[in-house]
Amino acid sequence: MTYRFITIITLAISVLAIWSCDSEAPEKTQDSIEESLPDELNISRSDKVQYQRAKIVLFSLPSPMETAKVLKKSGAIYDSKYLNPVENLDKHETSKGRAIVMGIYVADLSYANVFKQQQACMDYFAAMSELANELSLSEVFTKEFIEKVDENISNEDSVLKYLTESYWRANNELKEDDRESVAGLIAAGGWIEGLYIATHLINPQNMDDPVTERIAEQGATLKQLIKFLSSFRDDKNLLDIIKDLEKLEKLFDKIEVEKVRVEASTDENGVAVVGKKKVYKFKGTLLQDIIDQTKDIRNKYV
Amino acid sequence: MKVKFSIIILILALVFIGNQAEAQCKRFTQKNCLPALSPYTNNGQINSTTLYEGDSAALNMTFYSLLEYRLMVCTHPVLGDGAFFRVKDNDGEILYSSEGKNKNHWDFKVNSTQDLHIDVVIPENAESVSDMPPSGCVSIILGFKE
């Protein structure tokens with residue numbers, strides 16, 4: 001009985017799968033693809049009311065490209081000694097290590113690019129390409145893509161465009177291959193490196209430095225990052241890094257935050273400006289503790 | 001033995017279907033959504049899923065105070081044109097709602113860096129005569145600029 005039931009279900013799904021394949025078979029034009037978008041799980045309205053699906057919750061973090069822009073706008077300077085040298089690439093032999101370092105290099109490349117450091121950009125793109133191959137991300141750094149990057153390496157906007165494109169392709173390929181936890185490790189690596197760079201560009205005694213405020217703001221992103229990584233419950237590769245980030249979270253939680261209500265307004269270009277204003281205060285050695293903890297975590301993974 | 005074999009085939013079939021849906025959603029996002037982000041730069045992240053009429057999805061994300069953002073919610077036409085999104089702050093205060101505005105994006109800045117909560121709602125179509133609720137790709141994409 002069980003066997004017959006499973007066989008029927010299997011046959012039904014196989015037919016559906018073949019149909020789904022076949023519907024795209026005649027020369028995959030974009031329009032035909034759109035017309036056949038996912039519709040494979042047929043649930044009737046009455047069933048749906050009975051078995052209402054849980055609300056889907058997604059996570060998203062600021063990309064290393066955004067963080068680099070914000071750092072520069074806050075008056076940060078370029079100093080290559082805070083970046084992870086590409087020579088460290090060969091130190092990593094596991095997929096976990098390579099994924100985290102991939103994220104670290106995305107952050108380093110973003111930082112080098114906003115300060116127009118062409119040679120560093122080329123070096124980091126090459127390192128990322130090697131890592132992508134080792135992580136079996138075949139669709140990211142194709143021959144044509146690398147040629148386009150080489151031709152436009154002197155243009156900051158082009159490099160940003162290609163970096164964003166490669167980040168998008170990598171995330172996509174990982175999602176399609178059910179390897180989203182690897183995307184989580186890449187995001188974690190990028191976030192840690194961005195914070196590491198920021199914490200080394202400030203004088204911990206000068207609380208008026210705008211970069212200090214940028215560091216305090218990372219507490220919000222850190223919480224998102226931990227939630228995102230924790231959503232891959234069964235992945236043991238993530239346990240260490242989650243533990244490390246939770247130690248850092250305890251320190252960020254000690255930052256005093258004052259929220260000030262501000263009326264929504266529009267800027268000179270008519271763009272809406274919303275949300276509360278926040279004022280941060282570090283007490284005692286808290287900022288230095290965050291700097292030290294960040295350094296320990298980052299150095300563990302480079 | 002036969003049961004084990006059938007279970008393996010069943011799992012493979014389900015994985016295959018899931019991957020097909022992901023790939024189709026990716027192509028839809030690439031063609032229909034990403035170009036409309038210009039002049040903003042996409043942040044390189046994928047927030048897409050397949051929803052049914054009557055479903056909703058939520059996204060939490062951090063926005064930097066020094067950047068300007070375009071938040072876009074792209075839904076496949078099969079889901080109709082009633083889809084809307086709401087943006088709330090951490091205290092639950094609604095900062096924006098696209099309901100009734102017939103607009104799939106919002107350009108904004110935040111006074112301070114903060115987490116915002118985005119709810120996407122695909123309303124039920126009361127006039128639909130079909131017993132099968134349609135499903136389609138929904139992408140929440142973000143662009144930024146200085």
# chains A, B, ... in the order shown; residues from 1 in each chain; ligands from 1
>>> select_by_dssp(residues="region 98-140 of chain B", states="strand (DSSP E or B)", output="PyMOL selection string")
chain B and resi 105-110+114-121+135-140
>>> closest_atom_pairs(of="region 185-240 of chain A", to="region 115-121 of chain B", cutoff="9 Å", atoms="only C-alpha atoms", output="tab-separated table")
residue	atom	partner	partner_atom	distance
A:Ala220	CA	B:Asp115	CA	6.4
A:Thr221	CA	B:Asp115	CA	7.7
A:Gln224	CA	B:Asp115	CA	8.5
>>> write_last_selection(atoms="N, CA and C atoms", output="PDB file, in the first residue's frame")
ATOM      1  N   ALA A 220      23.101  47.227  14.573  1.00  0.00           N
ATOM      2  CA  ALA A 220      21.836  46.820  13.929  1.00  0.00           C
ATOM      3  C   ALA A 220      22.107  45.757  12.883  1.00  0.00           C
ATOM      4  N   THR A 221      23.145  45.971  12.061  1.00  0.00           N
ATOM      5  CA  THR A 221      23.480  45.002  11.012  1.00  0.00           C
ATOM      6  C   THR A 221      23.917  43.679  11.621  1.00  0.00           C
ATOM      7  N   GLN A 224      21.036  41.512  12.446  1.00  0.00           N
ATOM      8  CA  GLN A 224      20.484  40.914  11.213  1.00  0.00           C
ATOM      9  C   GLN A 224      21.350  39.749  10.742  1.00  0.00           C
TER      10      GLN A 224
END
>>> residues_around(residues="Asp296 (chain A)", least_positions_apart="4", cutoff="12 Å", atoms="only C-alpha atoms", output="PDB file with N, CA, C and O atoms, in the first residue's frame")
ATOM      1  N   ILE A 192      32.530  41.412   8.661  1.00  0.00           N
ATOM      2  CA  ILE A 192      33.631  41.464   9.635  1.00  0.00           C
ATOM      3  C   ILE A 192      34.768  42.351   9.103  1.00  0.00           C
ATOM      4  O   ILE A 192      35.318  43.182   9.832  1.00  0.00           O
ATOM      5  N   GLU A 193      35.103  42.176   7.819  1.00  0.00           N
ATOM      6  CA  GLU A 193      36.210  42.958   7.256  1.00  0.00           C
ATOM      7  C   GLU A 193      35.866  44.460   7.217  1.00  0.00           C
ATOM      8  O   GLU A 193      36.714  45.295   7.514  1.00  0.00           O
ATOM      9  N   TYR A 196      36.304  45.693  10.657  1.00  0.00           N
ATOM     10  CA  TYR A 196      37.728  45.692  10.998  1.00  0.00           C
ATOM     11  C   TYR A 196      38.412  46.940  10.398  1.00  0.00           C
ATOM     12  O   TYR A 196      39.168  47.635  11.080  1.00  0.00           O
ATOM     13  N   ASP A 244      31.220  33.584  17.561  1.00  0.00           N
ATOM     14  CA  ASP A 244      32.108  34.760  17.554  1.00  0.00           C
ATOM     15  C   ASP A 244      31.299  36.058  17.456  1.00  0.00           C
ATOM     16  O   ASP A 244      31.563  37.037  18.152  1.00  0.00           O
ATOM     17  N   LEU A 245      30.308  36.024  16.567  1.00  0.00           N
ATOM     18  CA  LEU A 245      29.508  37.241  16.364  1.00  0.00           C
ATOM     19  C   LEU A 245      28.647  37.548  17.593  1.00  0.00           C
ATOM     20  O   LEU A 245      28.401  38.716  17.913  1.00  0.00           O
ATOM     21  N   LYS A 247      29.531  37.064  20.658  1.00  0.00           N
ATOM     22  CA  LYS A 247      30.415  37.735  21.639  1.00  0.00           C
ATOM     23  C   LYS A 247      30.461  39.234  21.325  1.00  0.00           C
ATOM     24  O   LYS A 247      30.404  40.077  22.211  1.00  0.00           O
ATOM     25  N   LEU A 248      30.574  39.520  20.052  1.00  0.00           N
ATOM     26  CA  LEU A 248      30.627  40.918  19.622  1.00  0.00           C
ATOM     27  C   LEU A 248      29.283  41.611  19.888  1.00  0.00           C
ATOM     28  O   LEU A 248      29.241  42.780  20.295  1.00  0.00           O
ATOM     29  N   ASP A 289      37.167  47.880  23.505  1.00  0.00           N
ATOM     30  CA  ASP A 289      36.812  46.449  23.615  1.00  0.00           C
ATOM     31  C   ASP A 289      36.255  45.917  22.289  1.00  0.00           C
ATOM     32  O   ASP A 289      36.567  44.807  21.872  1.00  0.00           O
ATOM     33  N   ILE A 290      35.418  46.748  21.650  1.00  0.00           N
ATOM     34  CA  ILE A 290      34.855  46.341  20.346  1.00  0.00           C
ATOM     35  C   ILE A 290      35.974  46.230  19.307  1.00  0.00           C
ATOM     36  O   ILE A 290      36.028  45.268  18.520  1.00  0.00           O
ATOM     37  N   ILE A 291      36.896  47.204  19.346  1.00  0.00           N
ATOM     38  CA  ILE A 291      38.021  47.177  18.391  1.00  0.00           C
ATOM     39  C   ILE A 291      38.832  45.880  18.578  1.00  0.00           C
ATOM     40  O   ILE A 291      39.147  45.177  17.618  1.00  0.00           O
ATOM     41  N   ASP A 292      39.144  45.561  19.843  1.00  0.00           N
ATOM     42  CA  ASP A 292      39.971  44.373  20.128  1.00  0.00           C
ATOM     43  C   ASP A 292      39.255  43.075  19.719  1.00  0.00           C
ATOM     44  O   ASP A 292      39.857  42.181  19.134  1.00  0.00           O
ATOM     45  N   LYS A 300      41.218  35.547  13.056  1.00  0.00           N
ATOM     46  CA  LYS A 300      40.974  34.104  13.087  1.00  0.00           C
ATOM     47  C   LYS A 300      40.627  33.564  11.690  1.00  0.00           C
ATOM     48  O   LYS A 300      40.871  32.409  11.386  1.00  0.00           O
ATOM     49  N   TYR A 301      40.033  34.421  10.868  1.00  0.00           N
ATOM     50  CA  TYR A 301      39.520  33.932   9.581  1.00  0.00           C
ATOM     51  C   TYR A 301      40.352  34.325   8.356  1.00  0.00           C
ATOM     52  O   TYR A 301      40.087  33.852   7.260  1.00  0.00           O
ATOM     53  N   VAL A 302      41.346  35.221   8.510  1.00  0.00           N
ATOM     54  CA  VAL A 302      42.112  35.626   7.301  1.00  0.00           C
ATOM     55  C   VAL A 302      43.201  34.595   6.989  1.00  0.00           C
ATOM     56  O   VAL A 302      43.618  33.850   7.846  1.00  0.00           O
TER      57      VAL A 302
END
>>> closest_residue(among="A:Thr266, A:Thr212, A:Asn152, A:Gln205", to="chain B", atoms="only C-alpha atoms")
A:Thr266
>>> residues_around(residues="region 136-143 of chain B", least_positions_apart="4", cutoff="6 Å", atoms="only C-alpha atoms", output="list in words")
Pro38 of chain A; Cys25, Tyr40, Thr41, Asn42, Asn43, Asn47, Ser48, Thr49, Thr50, Leu51, Tyr69, Arg70, Leu71, Met72, Val73, Cys74, Thr75 and His76 of chain B
>>> closest_atom_pairs(of="region 102-175 of chain A", to="region 76-95 of chain A", cutoff="12 Å", atoms="only C-alpha atoms", output="Markdown table")
| residue | atom | partner | partner_atom | distance |
| --- | --- | --- | --- | --- |
| A:Met102 | CA | A:Leu89 | CA | 9.2 |
| A:Gly103 | CA | A:Asn84 | CA | 11.1 |
| A:Ile104 | CA | A:Asn84 | CA | 7.5 |
| A:Tyr105 | CA | A:Asn84 | CA | 7.3 |
| A:Val106 | CA | A:Asn84 | CA | 10.7 |
| A:Ala107 | CA | A:Leu83 | CA | 8.9 |
| A:Asp108 | CA | A:Leu83 | CA | 5.9 |
| A:Leu109 | CA | A:Leu83 | CA | 9.1 |
| A:Ser110 | CA | A:Leu83 | CA | 11.0 |
| A:Tyr111 | CA | A:Tyr78 | CA | 7.8 |
| A:Ala112 | CA | A:Tyr78 | CA | 7.4 |
| A:Asn113 | CA | A:Tyr78 | CA | 10.1 |
| A:Val114 | CA | A:Tyr78 | CA | 9.0 |
| A:Phe115 | CA | A:Tyr78 | CA | 6.5 |
| A:Lys116 | CA | A:Tyr78 | CA | 9.6 |
| A:Gln117 | CA | A:Tyr78 | CA | 9.0 |
| A:Gln119 | CA | A:Ser80 | CA | 11.4 |
| A:Ala120 | CA | A:Ser80 | CA | 8.7 |
| A:Cys121 | CA | A:Val86 | CA | 10.8 |
| A:Met122 | CA | A:Val86 | CA | 10.6 |
| A:Asp123 | CA | A:Val86 | CA | 6.9 |
| A:Tyr124 | CA | A:Val86 | CA | 6.7 |
| A:Phe125 | CA | A:Val86 | CA | 9.8 |
| A:Ala126 | CA | A:Val86 | CA | 8.8 |
| A:Ala127 | CA | A:Val86 | CA | 6.2 |
| A:Met128 | CA | A:Leu89 | CA | 9.2 |
| A:Ser129 | CA | A:Leu89 | CA | 11.2 |
| A:Glu130 | CA | A:Leu89 | CA | 8.8 |
| A:Leu131 | CA | A:Leu89 | CA | 8.0 |
| A:Ala132 | CA | A:Ser95 | CA | 10.4 |
| A:Asn133 | CA | A:Ser95 | CA | 11.1 |
| A:Glu134 | CA | A:Ser95 | CA | 7.8 |
| A:Leu135 | CA | A:Ser95 | CA | 6.4 |
| A:Ser136 | CA | A:Ser95 | CA | 9.7 |
| A:Leu137 | CA | A:Ser95 | CA | 11.7 |
>>> atom_distance(atom1="CA of Lys72 (chain A)", atom2="CA of Ser166 (chain A)")
22.2 Å
>>> residues_around(residues="Gly75 (chain A)", least_positions_apart="6", cutoff="10 Å", atoms="only C-alpha atoms", output="mmCIF file with N, CA, C and O atoms, in the first residue's frame")
data_model
loop_
_atom_site.group_PDB
_atom_site.id
_atom_site.type_symbol
_atom_site.label_atom_id
_atom_site.label_comp_id
_atom_site.auth_asym_id
_atom_site.auth_seq_id
_atom_site.Cartn_x
_atom_site.Cartn_y
_atom_site.Cartn_z
ATOM 1 N N LEU A 201 40.540 52.728 11.460
ATOM 2 C CA LEU A 201 40.710 54.056 10.864
ATOM 3 C C LEU A 201 40.350 55.168 11.853
ATOM 4 O O LEU A 201 40.332 56.332 11.494
ATOM 5 N N ASP A 209 34.638 61.592 16.017
ATOM 6 C CA ASP A 209 34.957 61.107 14.677
ATOM 7 C C ASP A 209 33.700 60.464 14.070
ATOM 8 O O ASP A 209 33.121 59.547 14.665
ATOM 9 N N PRO A 210 33.253 60.928 12.889
ATOM 10 C CA PRO A 210 32.032 60.351 12.295
ATOM 11 C C PRO A 210 32.135 58.842 12.058
ATOM 12 O O PRO A 210 31.123 58.141 12.042
ATOM 13 N N VAL A 211 33.378 58.339 11.879
ATOM 14 C CA VAL A 211 33.530 56.886 11.657
ATOM 15 C C VAL A 211 33.120 56.113 12.925
ATOM 16 O O VAL A 211 32.614 54.994 12.848
#
>>> closest_residue(among="A:Ala187, A:Leu61, A:Val159, A:Ile215", to="chain B", atoms="only C-alpha atoms")
A:Leu61
>>> residues_around(residues="Glu68 (chain B)", least_positions_apart="5", cutoff="8 Å", atoms="only C-alpha atoms", output="list in words")
Asp107, Phe108, Lys109, Phe144, Lys145 and Glu146 of chain B
>>> closest_residue(among="A:Leu160, A:Leu195, A:Ile297, A:Ile100", to="chain B", atoms="only C-alpha atoms")
A:Leu160
>>> residues_around(residues="Phe84 (chain B)", least_positions_apart="4", cutoff="9 Å", atoms="only C-alpha atoms", output="number ranges by chain")
B: 73, 97-104, 119-123
>>> closest_residue(among="B:Ser112, B:Asn90, B:Thr29, B:Ser38", to="chain A", atoms="only C-alpha atoms")
B:Ser112
>>> select_by_dssp(residues="chain B", states="helix (DSSP H, G or I)", output="ChimeraX atom specification")
/B:2-37,77-79
>>> write_last_selection(atoms="N, CA, C and O atoms", output="short mmCIF file (atom, residue, chain, number, x, y, z; two decimals), in the first residue's frame")
data_model
loop_
_atom_site.label_atom_id
_atom_site.label_comp_id
_atom_site.auth_asym_id
_atom_site.auth_seq_id
_atom_site.Cartn_x
_atom_site.Cartn_y
_atom_site.Cartn_z
N LYS B 2 12.26 -1.27 -3.05
CA LYS B 2 11.50 -0.49 -4.03
C LYS B 2 11.03 0.82 -3.41
O LYS B 2 11.01 1.86 -4.06
N VAL B 3 10.65 0.74 -2.12
CA VAL B 3 10.16 1.93 -1.43
C VAL B 3 11.28 2.95 -1.33
O VAL B 3 11.11 4.14 -1.63
N LYS B 4 12.48 2.47 -0.93
CA LYS B 4 13.64 3.37 -0.80
C LYS B 4 13.92 4.07 -2.13
O LYS B 4 14.15 5.26 -2.19
N PHE B 5 13.90 3.29 -3.20
CA PHE B 5 14.18 3.82 -4.53
C PHE B 5 13.17 4.91 -4.90
O PHE B 5 13.52 5.98 -5.39
N SER B 6 11.90 4.62 -4.61
CA SER B 6 10.85 5.58 -4.94
C SER B 6 11.01 6.87 -4.14
O SER B 6 10.79 7.97 -4.66
N ILE B 7 11.41 6.72 -2.86
CA ILE B 7 11.59 7.91 -2.03
C ILE B 7 12.71 8.79 -2.60
O ILE B 7 12.59 10.01 -2.69
N ILE B 8 13.81 8.12 -3.02
CA ILE B 8 14.94 8.88 -3.60
C ILE B 8 14.48 9.64 -4.84
O ILE B 8 14.75 10.82 -5.00
N ILE B 9 13.73 8.94 -5.72
CA ILE B 9 13.24 9.59 -6.94
C ILE B 9 12.33 10.77 -6.58
O ILE B 9 12.42 11.86 -7.16
N LEU B 10 11.49 10.58 -5.57
CA LEU B 10 10.56 11.63 -5.13
C LEU B 10 11.33 12.86 -4.66
O LEU B 10 11.03 13.99 -5.06
N ILE B 11 12.38 12.62 -3.84
CA ILE B 11 13.18 13.76 -3.33
C ILE B 11 13.86 14.48 -4.48
O ILE B 11 13.84 15.71 -4.58
N LEU B 12 14.45 13.68 -5.40
CA LEU B 12 15.14 14.30 -6.54
C LEU B 12 14.18 15.15 -7.37
O LEU B 12 14.51 16.25 -7.81
N ALA B 13 12.96 14.63 -7.57
CA ALA B 13 11.96 15.37 -8.36
C ALA B 13 11.61 16.69 -7.68
O ALA B 13 11.52 17.73 -8.33
N LEU B 14 11.46 16.65 -6.34
CA LEU B 14 11.11 17.88 -5.60
C LEU B 14 12.24 18.89 -5.69
O LEU B 14 12.01 20.09 -5.90
N VAL B 15 13.50 18.42 -5.53
CA VAL B 15 14.65 19.32 -5.62
C VAL B 15 14.71 19.94 -7.01
O VAL B 15 14.92 21.14 -7.16
N PHE B 16 14.47 19.12 -8.03
CA PHE B 16 14.52 19.59 -9.41
C PHE B 16 13.49 20.71 -9.64
O PHE B 16 13.79 21.75 -10.21
N ILE B 17 12.29 20.49 -9.15
CA ILE B 17 11.22 21.48 -9.32
C ILE B 17 11.58 22.79 -8.61
O ILE B 17 11.42 23.88 -9.15
N GLY B 18 12.13 22.65 -7.40
CA GLY B 18 12.52 23.84 -6.63
C GLY B 18 13.55 24.65 -7.39
O GLY B 18 13.45 25.87 -7.51
N ASN B 19 14.55 23.95 -7.97
CA ASN B 19 15.60 24.64 -8.71
C ASN B 19 15.06 25.32 -9.96
O ASN B 19 15.50 26.41 -10.31
N GLN B 20 14.10 24.67 -10.62
CA GLN B 20 13.48 25.27 -11.80
C GLN B 20 12.82 26.59 -11.43
O GLN B 20 12.97 27.59 -12.12
N ALA B 21 12.10 26.58 -10.30
CA ALA B 21 11.40 27.79 -9.85
C ALA B 21 12.40 28.89 -9.55
O ALA B 21 12.21 30.05 -9.94
N GLU B 22 13.50 28.56 -8.86
CA GLU B 22 14.55 29.54 -8.53
C GLU B 22 15.10 30.17 -9.81
O GLU B 22 15.27 31.38 -9.90
N ALA B 23 15.39 29.30 -10.78
CA ALA B 23 16.01 29.77 -12.02
C ALA B 23 15.06 30.70 -12.77
O ALA B 23 15.45 31.73 -13.30
N GLN B 24 13.77 30.33 -12.79
CA GLN B 24 12.79 31.16 -13.50
C GLN B 24 12.64 32.51 -12.81
O GLN B 24 12.54 33.56 -13.45
N CYS B 25 12.65 32.48 -11.48
CA CYS B 25 12.51 33.71 -10.71
C CYS B 25 13.72 34.63 -10.95
O CYS B 25 13.58 35.83 -11.08
N LYS B 26 14.90 34.00 -11.04
CA LYS B 26 16.13 34.77 -11.30
C LYS B 26 16.03 35.49 -12.64
O LYS B 26 16.31 36.68 -12.75
N ARG B 27 15.59 34.75 -13.67
CA ARG B 27 15.49 35.35 -15.00
C ARG B 27 14.45 36.47 -15.03
O ARG B 27 14.66 37.51 -15.64
N PHE B 28 13.36 36.24 -14.34
CA PHE B 28 12.30 37.27 -14.26
C PHE B 28 12.87 38.54 -13.61
O PHE B 28 12.69 39.65 -14.11
N THR B 29 13.59 38.37 -12.48
CA THR B 29 14.16 39.51 -11.76
C THR B 29 15.18 40.24 -12.63
O THR B 29 15.18 41.48 -12.70
N GLN B 30 16.03 39.45 -13.31
CA GLN B 30 17.07 40.05 -14.13
C GLN B 30 16.49 40.89 -15.27
O GLN B 30 16.95 41.99 -15.54
N LYS B 31 15.45 40.36 -15.89
CA LYS B 31 14.91 41.05 -17.07
C LYS B 31 13.95 42.18 -16.69
O LYS B 31 14.01 43.26 -17.24
N ASN B 32 13.09 41.93 -15.73
CA ASN B 32 12.00 42.88 -15.48
C ASN B 32 12.25 43.85 -14.33
O ASN B 32 11.60 44.88 -14.25
N CYS B 33 13.13 43.50 -13.41
CA CYS B 33 13.25 44.32 -12.22
C CYS B 33 14.56 45.11 -12.14
O CYS B 33 14.55 46.31 -11.91
N LEU B 34 15.68 44.44 -12.32
CA LEU B 34 16.96 45.11 -12.14
C LEU B 34 17.12 46.36 -13.02
O LEU B 34 17.60 47.39 -12.52
N PRO B 35 16.72 46.33 -14.31
CA PRO B 35 16.90 47.55 -15.13
C PRO B 35 16.16 48.76 -14.57
O PRO B 35 16.61 49.90 -14.72
N ALA B 36 15.02 48.52 -13.89
CA ALA B 36 14.22 49.64 -13.38
C ALA B 36 14.84 50.27 -12.13
O ALA B 36 14.34 51.28 -11.64
N LEU B 37 15.93 49.70 -11.63
CA LEU B 37 16.58 50.29 -10.45
C LEU B 37 17.42 51.50 -10.84
O LEU B 37 17.71 52.36 -9.99
N PRO B 77 3.23 39.28 -13.31
CA PRO B 77 1.87 39.72 -13.68
C PRO B 77 0.77 38.73 -13.29
O PRO B 77 -0.37 39.12 -13.06
N VAL B 78 1.13 37.43 -13.19
CA VAL B 78 0.11 36.43 -12.87
C VAL B 78 -0.54 36.69 -11.50
O VAL B 78 -1.65 36.26 -11.22
N LEU B 79 0.18 37.46 -10.66
CA LEU B 79 -0.34 37.75 -9.31
C LEU B 79 -1.26 38.98 -9.30
O LEU B 79 -1.72 39.41 -8.23
#
>>> atom_distance(atom1="CA of Leu239 (chain A)", atom2="CA of Gln218 (chain A)")
20.9 Å
>>> atom_distance(atom1="CA of Val257 (chain A)", atom2="CA of Ala188 (chain A)")
24.2 Å
>>> closest_residue(among="A:Gly219, A:Gly275, A:Pro64, A:Gly97", to="Tyr167 (chain A)", atoms="only C-alpha atoms")
A:Pro64
